[in-house]
>>> print(open('protein-v3.pdb').read())   # PDB, C-alpha atoms and all ligand atoms
MODEL        1
ATOM      1  CA  MET U   1      65.174 104.813  26.424
ATOM      2  CA  ARG U   2      66.654 108.288  26.486
ATOM      3  CA  ALA U   3      65.859 110.116  29.713
ATOM      4  CA  LEU U   4      65.865 113.917  29.737
ATOM      5  CA  PRO U   5      66.079 116.154  32.787
ATOM      6  CA  ALA U   6      63.118 117.882  34.450
ATOM      7  CA  GLY U   7      60.580 115.195  33.621
ATOM      8  CA  LEU U   8      60.594 115.949  29.906
ATOM      9  CA  PRO U   9      59.184 113.161  27.727
ATOM     10  CA  ALA U  10      61.675 110.344  27.122
ATOM     11  CA  ALA U  11      62.049 108.612  23.773
ATOM     12  CA  GLY U  12      62.482 104.858  23.368
ATOM     13  CA  TYR U  13      64.463 103.327  20.532
ATOM     14  CA  PHE U  14      64.682  99.677  19.553
ATOM     15  CA  THR U  15      64.494  97.264  16.661
ATOM     16  CA  LEU U  16      61.433  95.125  16.004
ATOM     17  CA  HIS U  17      61.956  91.875  14.164
ATOM     18  CA  ASN U  18      59.055  89.786  12.937
ATOM     19  CA  ALA U  19      60.118  86.142  12.726
ATOM     20  CA  SER U  20      56.685  84.984  11.554
ATOM     21  CA  PRO U  21      55.528  84.446   7.945
ATOM     22  CA  LYS U  22      52.716  87.015   8.395
ATOM     23  CA  GLU U  23      52.736  90.768   8.752
ATOM     24  CA  VAL U  24      52.216  91.837  12.360
ATOM     25  CA  ALA U  25      51.697  95.370  13.628
ATOM     26  CA  LEU U  26      52.789  96.895  16.885
ATOM     27  CA  THR U  27      49.583  98.444  18.199
ATOM     28  CA  SER U  28      50.506  99.810  21.613
ATOM     29  CA  ALA U  29      53.124 100.040  24.289
ATOM     30  CA  ALA U  30      52.834 100.474  28.032
ATOM     31  CA  SER U  31      55.204 100.857  30.956
ATOM     32  CA  ALA U  32      54.665 101.544  34.630
ATOM     33  CA  ALA U  33      57.703 103.849  34.388
ATOM     34  CA  CYS U  34      56.070 106.084  31.811
ATOM     35  CA  GLY U  35      52.540 107.043  32.693
ATOM     36  CA  MET U  36      51.364 107.152  29.120
ATOM     37  CA  LEU U  37      53.501 105.590  26.394
ATOM     38  CA  MET U  38      52.743 106.626  22.821
ATOM     39  CA  LEU U  39      53.866 105.470  19.396
ATOM     40  CA  HIS U  40      55.337 108.436  17.553
ATOM     41  CA  LYS U  41      56.945 109.162  14.241
ATOM     42  CA  SER U  42      59.297 112.071  13.699
ATOM     43  CA  SER U  43      59.378 113.876  10.419
ATOM     44  CA  GLU U  44      60.898 116.985   9.036
ATOM     45  CA  GLU U  45      59.012 119.499   6.966
ATOM     46  CA  GLY U  46      60.673 122.622   5.634
ATOM     47  CA  GLY U  47      63.524 122.169   8.093
ATOM     48  CA  MET U  48      61.173 121.977  11.076
ATOM     49  CA  GLY U  49      61.133 118.790  13.092
ATOM     50  CA  SER U  50      57.824 117.505  14.360
ATOM     51  CA  MET U  51      56.258 114.286  15.496
ATOM     52  CA  GLN U  52      52.932 112.606  15.021
ATOM     53  CA  ASP U  53      51.032 109.953  16.929
ATOM     54  CA  VAL U  54      50.740 106.731  14.996
ATOM     55  CA  SER U  55      48.115 104.106  15.800
ATOM     56  CA  SER U  56      50.193 101.128  14.693
ATOM     57  CA  VAL U  57      53.472 100.198  13.045
ATOM     58  CA  ALA U  58      53.386  97.259  10.629
ATOM     59  CA  VAL U  59      56.329  94.877  10.542
ATOM     60  CA  PRO U  60      56.429  92.813   7.329
ATOM     61  CA  ALA U  61      56.722  89.015   7.426
ATOM     62  CA  ALA U  62      60.313  88.127   8.285
ATOM     63  CA  GLY U  63      61.017  91.856   8.306
ATOM     64  CA  THR U  64      62.537  94.420  10.603
ATOM     65  CA  VAL U  65      61.485  97.939  11.600
ATOM     66  CA  LYS U  66      63.882 100.199  13.420
ATOM     67  CA  PHE U  67      62.709 102.708  15.989
ATOM     68  CA  ALA U  68      65.454 105.299  15.840
ATOM     69  CA  PRO U  69      66.041 109.054  16.146
ATOM     70  CA  GLY U  70      64.367 110.853  13.231
ATOM     71  CA  GLY U  71      61.764 108.133  12.740
ATOM     72  CA  TYR U  72      59.552 105.891  14.818
ATOM     73  CA  HIS U  73      60.004 106.017  18.562
ATOM     74  CA  LEU U  74      58.191 105.317  21.783
ATOM     75  CA  MET U  75      57.339 108.475  23.686
ATOM     76  CA  CYS U  76      57.261 108.182  27.441
ATOM     77  CA  MET U  77      54.967 111.137  28.186
ATOM     78  CA  ASN U  78      55.128 111.221  31.987
ATOM     79  CA  PRO U  79      58.369 109.590  33.114
ATOM     80  CA  THR U  80      58.374 108.456  36.744
ATOM     81  CA  ALA U  81      61.370 108.498  39.074
ATOM     82  CA  ALA U  82      62.124 104.930  37.900
ATOM     83  CA  LEU U  83      63.164 106.330  34.534
ATOM     84  CA  LYS U  84      66.701 107.410  35.363
ATOM     85  CA  PRO U  85      69.981 106.744  33.603
ATOM     86  CA  GLY U  86      71.427 103.377  34.594
ATOM     87  CA  ALA U  87      68.016 101.844  35.309
ATOM     88  CA  VAL U  88      66.233  99.187  33.297
ATOM     89  CA  VAL U  89      62.487  99.556  32.814
ATOM     90  CA  THR U  90      60.014  97.046  31.438
ATOM     91  CA  VAL U  91      57.906  97.951  28.426
ATOM     92  CA  THR U  92      54.984  95.793  27.337
ATOM     93  CA  LEU U  93      54.526  95.798  23.579
ATOM     94  CA  ALA U  94      51.143  94.676  22.198
ATOM     95  CA  PHE U  95      50.691  93.356  18.669
ATOM     96  CA  SER U  96      47.838  93.029  16.173
ATOM     97  CA  ASP U  97      47.837  89.215  16.485
ATOM     98  CA  GLY U  98      46.988  89.524  20.168
ATOM     99  CA  SER U  99      50.463  88.694  21.403
ATOM    100  CA  ARG U 100      52.368  90.723  23.942
ATOM    101  CA  SER U 101      56.014  91.010  24.676
ATOM    102  CA  GLU U 102      57.649  92.304  27.840
ATOM    103  CA  VAL U 103      60.890  93.971  26.900
ATOM    104  CA  PRO U 104      63.609  95.405  29.151
ATOM    105  CA  PHE U 105      64.766  98.871  28.097
ATOM    106  CA  ALA U 106      68.037 100.281  29.393
ATOM    107  CA  VAL U 107      67.687 103.939  30.379
ATOM    108  CA  LYS U 108      70.439 106.286  29.224
ATOM    109  CA  ASN U 109      70.964 110.016  29.398
ATOM    110  CA  ALA U 110      71.045 112.373  26.410
ATOM    111  CA  GLN U 111      74.758 111.604  25.959
ATOM    112  CA  GLY U 112      73.951 107.904  25.629
ATOM    113  CA  LYS U 113      75.482 106.984  28.983
TER     114      LYS U 113
HETATM  115 CU    CU J   1      57.699 111.659  20.171
ENDMDL
END
>>> encode(input="protein-v3.pdb", output="structure tokens")
Amino acid sequence: MRALPAGLPAAGYFTLHNASPKEVALTSAASAACGMLMLHKSSEEGGMGSMQDVSSVAVPAAGTVKFAPGGYHLMCMNPTAALKPGAVVTVTLAFSDGSRSEVPFAVKNAQGK
């Protein structure tokens, strides 16, 4: 999770791996440290960066989807004081098969420290 100063939205990056033989989609994410946590996708059109809300992100059977700068990311819209570099915050990921996963995210600053 990349924290920015002044309460600006923080982006979360990670890799999703689907070990099952069926496609599963990430449908939502939540964290007490974030207020609202959205699924976003960055894109570039005519040299202008922008991002869109996405309702779900499908992970193919036995496949991997990377959430990384320039593509999918979690967007922590209202970071709380808990979201500071050096901290670890818990994010609950919810999937289309009804499963949930609680994942620790290390918080870093814009320099990756
Ligand atoms: Cu975003």
>>> closest_residue(input="protein-v3.pdb", among="U:Leu16, U:Val88, U:Ala68, U:Leu74", to="ligand CU 1 (chain J)", atoms="all atoms listed in the file")
U:Leu74
>>> residues_near_ligand(input="protein-v3.pdb", ligand="ligand CU 1 (chain J)", cutoff="7 Å", atoms="only C-alpha atoms and all ligand atoms", output="list of chain:residue names")
U:Ala11, U:His40, U:Lys41, U:Ser42, U:Met51, U:His73, U:Leu74, U:Met75
>>> closest_residue(input="protein-v3.pdb", among="U:Pro5, U:Gly47, U:Pro21, U:Gly12", to="Gly63 (chain U)", atoms="all atoms listed in the file")
U:Pro21
>>> residues_around(input="protein-v3.pdb", residues="Val91 (chain U)", least_positions_apart="2", cutoff="8 Å", atoms="all atoms listed in the file", output="JSON, numbers by chain")
{"U": [29, 30, 31, 32, 89, 93, 102, 103, 104, 105]}
>>> residues_around(input="protein-v3.pdb", residues="Thr15 (chain U)", least_positions_apart="5", cutoff="6 Å", atoms="all atoms listed in the file", output="PDB file with C-alpha atoms, in the frame of the given file")
ATOM      1  CA  VAL U  65      61.485  97.939  11.600  1.00  0.00           C
ATOM      2  CA  LYS U  66      63.882 100.199  13.420  1.00  0.00           C
ATOM      3  CA  PHE U  67      62.709 102.708  15.989  1.00  0.00           C
TER       4      PHE U  67
END
>>> axis_aligned_box(input="protein-v3.pdb", around="region 23-40 of chain U", padding_each_side="6 Å", output="lines of an AutoDock Vina configuration file")
center_x = 53.6
center_y = 99.6
center_z = 21.7
size_x = 20.1
size_y = 29.7
size_z = 37.9
>>> residues_near_point(input="protein-v3.pdb", point="(51.8, 101.6, 21.3)", cutoff="9 Å", atoms="only C-alpha atoms", output="NGL selection string")
:U and (26-30 or 37-40 or 54-57 or 74 or 92-95)
>>> resolve_selection(input="protein-v3.pdb", expression="the PyMOL selection byres (((chain U and resi 8) around 10) and not hetatm)", output="VMD selection string")
chain U and resid 3 to 7 9 to 11 76 to 79
>>> write_last_selection(input="protein-v3.pdb", atoms="C-alpha atoms", output="mmCIF file, keeping the file's coordinate frame")
data_model
loop_
_atom_site.group_PDB
_atom_site.id
_atom_site.type_symbol
_atom_site.label_atom_id
_atom_site.label_comp_id
_atom_site.auth_asym_id
_atom_site.auth_seq_id
_atom_site.Cartn_x
_atom_site.Cartn_y
_atom_site.Cartn_z
ATOM 1 C CA ALA U 3 65.859 110.116 29.713
ATOM 2 C CA LEU U 4 65.865 113.917 29.737
ATOM 3 C CA PRO U 5 66.079 116.154 32.787
ATOM 4 C CA ALA U 6 63.118 117.882 34.450
ATOM 5 C CA GLY U 7 60.580 115.195 33.621
ATOM 6 C CA PRO U 9 59.184 113.161 27.727
ATOM 7 C CA ALA U 10 61.675 110.344 27.122
ATOM 8 C CA ALA U 11 62.049 108.612 23.773
ATOM 9 C CA CYS U 76 57.261 108.182 27.441
ATOM 10 C CA MET U 77 54.967 111.137 28.186
ATOM 11 C CA ASN U 78 55.128 111.221 31.987
ATOM 12 C CA PRO U 79 58.369 109.590 33.114
#
>>> atom_distance(input="protein-v3.pdb", atom1="CA of Lys22 (chain U)", atom2="CA of Ala62 (chain U)")
7.7 Å
>>> closest_residue(input="protein-v3.pdb", among="U:Cys34, U:Gly98, U:Ser43, U:Pro69", to="Ala110 (chain U)", atoms="all atoms listed in the file")
U:Pro69
>>> atom_distance(input="protein-v3.pdb", atom1="CA of Glu44 (chain U)", atom2="CA of Ala58 (chain U)")
21.2 Å
>>> closest_residue(input="protein-v3.pdb", among="U:Gly35, U:Val107, U:Tyr72, U:Met1", to="Asp53 (chain U)", atoms="all atoms listed in the file")
U:Tyr72
>>> decode(input="protein-v3.pdb", residues="region 11-39 of chain U", atoms="N, CA, C and O atoms", output="short mmCIF file (atom, residue, chain, number, x, y, z; two decimals), in the first residue's frame")
data_model
loop_
_atom_site.label_atom_id
_atom_site.label_comp_id
_atom_site.auth_asym_id
_atom_site.auth_seq_id
_atom_site.Cartn_x
_atom_site.Cartn_y
_atom_site.Cartn_z
N ALA U 11 -2.78 3.87 -2.90
CA ALA U 11 -3.00 2.76 -3.83
C ALA U 11 -2.39 1.48 -3.25
O ALA U 11 -1.34 1.51 -2.63
N GLY U 12 -3.08 0.36 -3.47
CA GLY U 12 -2.60 -0.93 -2.99
C GLY U 12 -2.24 -1.83 -4.16
O GLY U 12 -3.00 -1.95 -5.11
N TYR U 13 -1.06 -2.44 -4.06
CA TYR U 13 -0.56 -3.30 -5.12
C TYR U 13 -0.25 -4.68 -4.56
O TYR U 13 0.31 -4.81 -3.47
N PHE U 14 -0.59 -5.70 -5.32
CA PHE U 14 -0.36 -7.07 -4.87
C PHE U 14 -0.57 -8.01 -6.04
O PHE U 14 -0.93 -7.57 -7.14
N THR U 15 -0.30 -9.27 -5.80
CA THR U 15 -0.50 -10.28 -6.84
C THR U 15 -1.53 -11.29 -6.36
O THR U 15 -1.43 -11.78 -5.24
N LEU U 16 -2.53 -11.53 -7.19
CA LEU U 16 -3.57 -12.51 -6.87
C LEU U 16 -3.26 -13.78 -7.62
O LEU U 16 -3.10 -13.76 -8.85
N HIS U 17 -3.22 -14.89 -6.89
CA HIS U 17 -3.04 -16.18 -7.55
C HIS U 17 -4.23 -17.07 -7.24
O HIS U 17 -4.63 -17.19 -6.10
N ASN U 18 -4.78 -17.65 -8.28
CA ASN U 18 -5.93 -18.54 -8.13
C ASN U 18 -5.44 -19.98 -8.26
O ASN U 18 -5.11 -20.44 -9.34
N ALA U 19 -5.42 -20.69 -7.13
CA ALA U 19 -4.91 -22.06 -7.13
C ALA U 19 -5.99 -23.06 -7.52
O ALA U 19 -5.72 -24.25 -7.64
N SER U 20 -7.23 -22.59 -7.72
CA SER U 20 -8.32 -23.53 -7.98
C SER U 20 -8.45 -23.80 -9.48
O SER U 20 -7.93 -23.06 -10.31
N PRO U 21 -9.18 -24.87 -9.83
CA PRO U 21 -9.38 -25.19 -11.26
C PRO U 21 -10.51 -24.41 -11.90
O PRO U 21 -10.89 -24.70 -13.04
N LYS U 22 -11.09 -23.43 -11.18
CA LYS U 22 -12.17 -22.60 -11.74
C LYS U 22 -11.79 -21.14 -11.69
O LYS U 22 -11.11 -20.71 -10.76
N GLU U 23 -12.31 -20.38 -12.66
CA GLU U 23 -12.11 -18.94 -12.61
C GLU U 23 -12.81 -18.36 -11.37
O GLU U 23 -13.91 -18.77 -11.03
N VAL U 24 -12.14 -17.45 -10.72
CA VAL U 24 -12.72 -16.76 -9.56
C VAL U 24 -12.46 -15.27 -9.76
O VAL U 24 -11.42 -14.89 -10.29
N ALA U 25 -13.43 -14.45 -9.37
CA ALA U 25 -13.23 -13.01 -9.51
C ALA U 25 -13.14 -12.35 -8.14
O ALA U 25 -13.86 -12.71 -7.21
N LEU U 26 -12.24 -11.41 -8.04
CA LEU U 26 -12.21 -10.52 -6.88
C LEU U 26 -13.36 -9.53 -7.05
O LEU U 26 -13.46 -8.86 -8.08
N THR U 27 -14.25 -9.47 -6.06
CA THR U 27 -15.43 -8.62 -6.23
C THR U 27 -15.42 -7.38 -5.34
O THR U 27 -16.08 -6.40 -5.64
N SER U 28 -14.69 -7.44 -4.23
CA SER U 28 -14.59 -6.23 -3.41
C SER U 28 -13.44 -6.35 -2.43
O SER U 28 -12.90 -7.43 -2.20
N ALA U 29 -13.09 -5.21 -1.88
CA ALA U 29 -12.05 -5.16 -0.87
C ALA U 29 -12.48 -4.18 0.19
O ALA U 29 -13.19 -3.21 -0.10
N ALA U 30 -12.07 -4.44 1.43
CA ALA U 30 -12.44 -3.55 2.53
C ALA U 30 -11.30 -3.51 3.53
O ALA U 30 -10.57 -4.49 3.70
N SER U 31 -11.13 -2.37 4.18
CA SER U 31 -10.15 -2.26 5.24
C SER U 31 -10.58 -1.15 6.19
O SER U 31 -10.99 -0.08 5.75
N ALA U 32 -10.45 -1.44 7.49
CA ALA U 32 -10.78 -0.42 8.49
C ALA U 32 -9.85 0.78 8.35
O ALA U 32 -10.18 1.88 8.79
N ALA U 33 -8.69 0.58 7.74
CA ALA U 33 -7.71 1.67 7.61
C ALA U 33 -8.03 2.60 6.45
O ALA U 33 -7.36 3.62 6.26
N CYS U 34 -9.04 2.28 5.69
CA CYS U 34 -9.24 2.97 4.40
C CYS U 34 -10.55 3.70 4.23
O CYS U 34 -10.76 4.33 3.20
N GLY U 35 -11.47 3.65 5.17
CA GLY U 35 -12.78 4.17 4.82
C GLY U 35 -13.32 3.33 3.68
O GLY U 35 -13.56 2.15 3.85
N MET U 36 -13.39 3.89 2.51
CA MET U 36 -13.85 3.13 1.37
C MET U 36 -12.65 2.62 0.57
O MET U 36 -11.68 3.34 0.37
N LEU U 37 -12.74 1.37 0.14
CA LEU U 37 -11.66 0.77 -0.65
C LEU U 37 -12.24 0.32 -1.98
O LEU U 37 -13.17 -0.49 -2.01
N MET U 38 -11.73 0.87 -3.07
CA MET U 38 -12.30 0.60 -4.38
C MET U 38 -11.34 -0.23 -5.22
O MET U 38 -10.13 -0.21 -5.00
N LEU U 39 -11.92 -0.94 -6.21
CA LEU U 39 -11.09 -1.60 -7.22
C LEU U 39 -10.98 -0.63 -8.39
O LEU U 39 -11.99 -0.17 -8.92
#
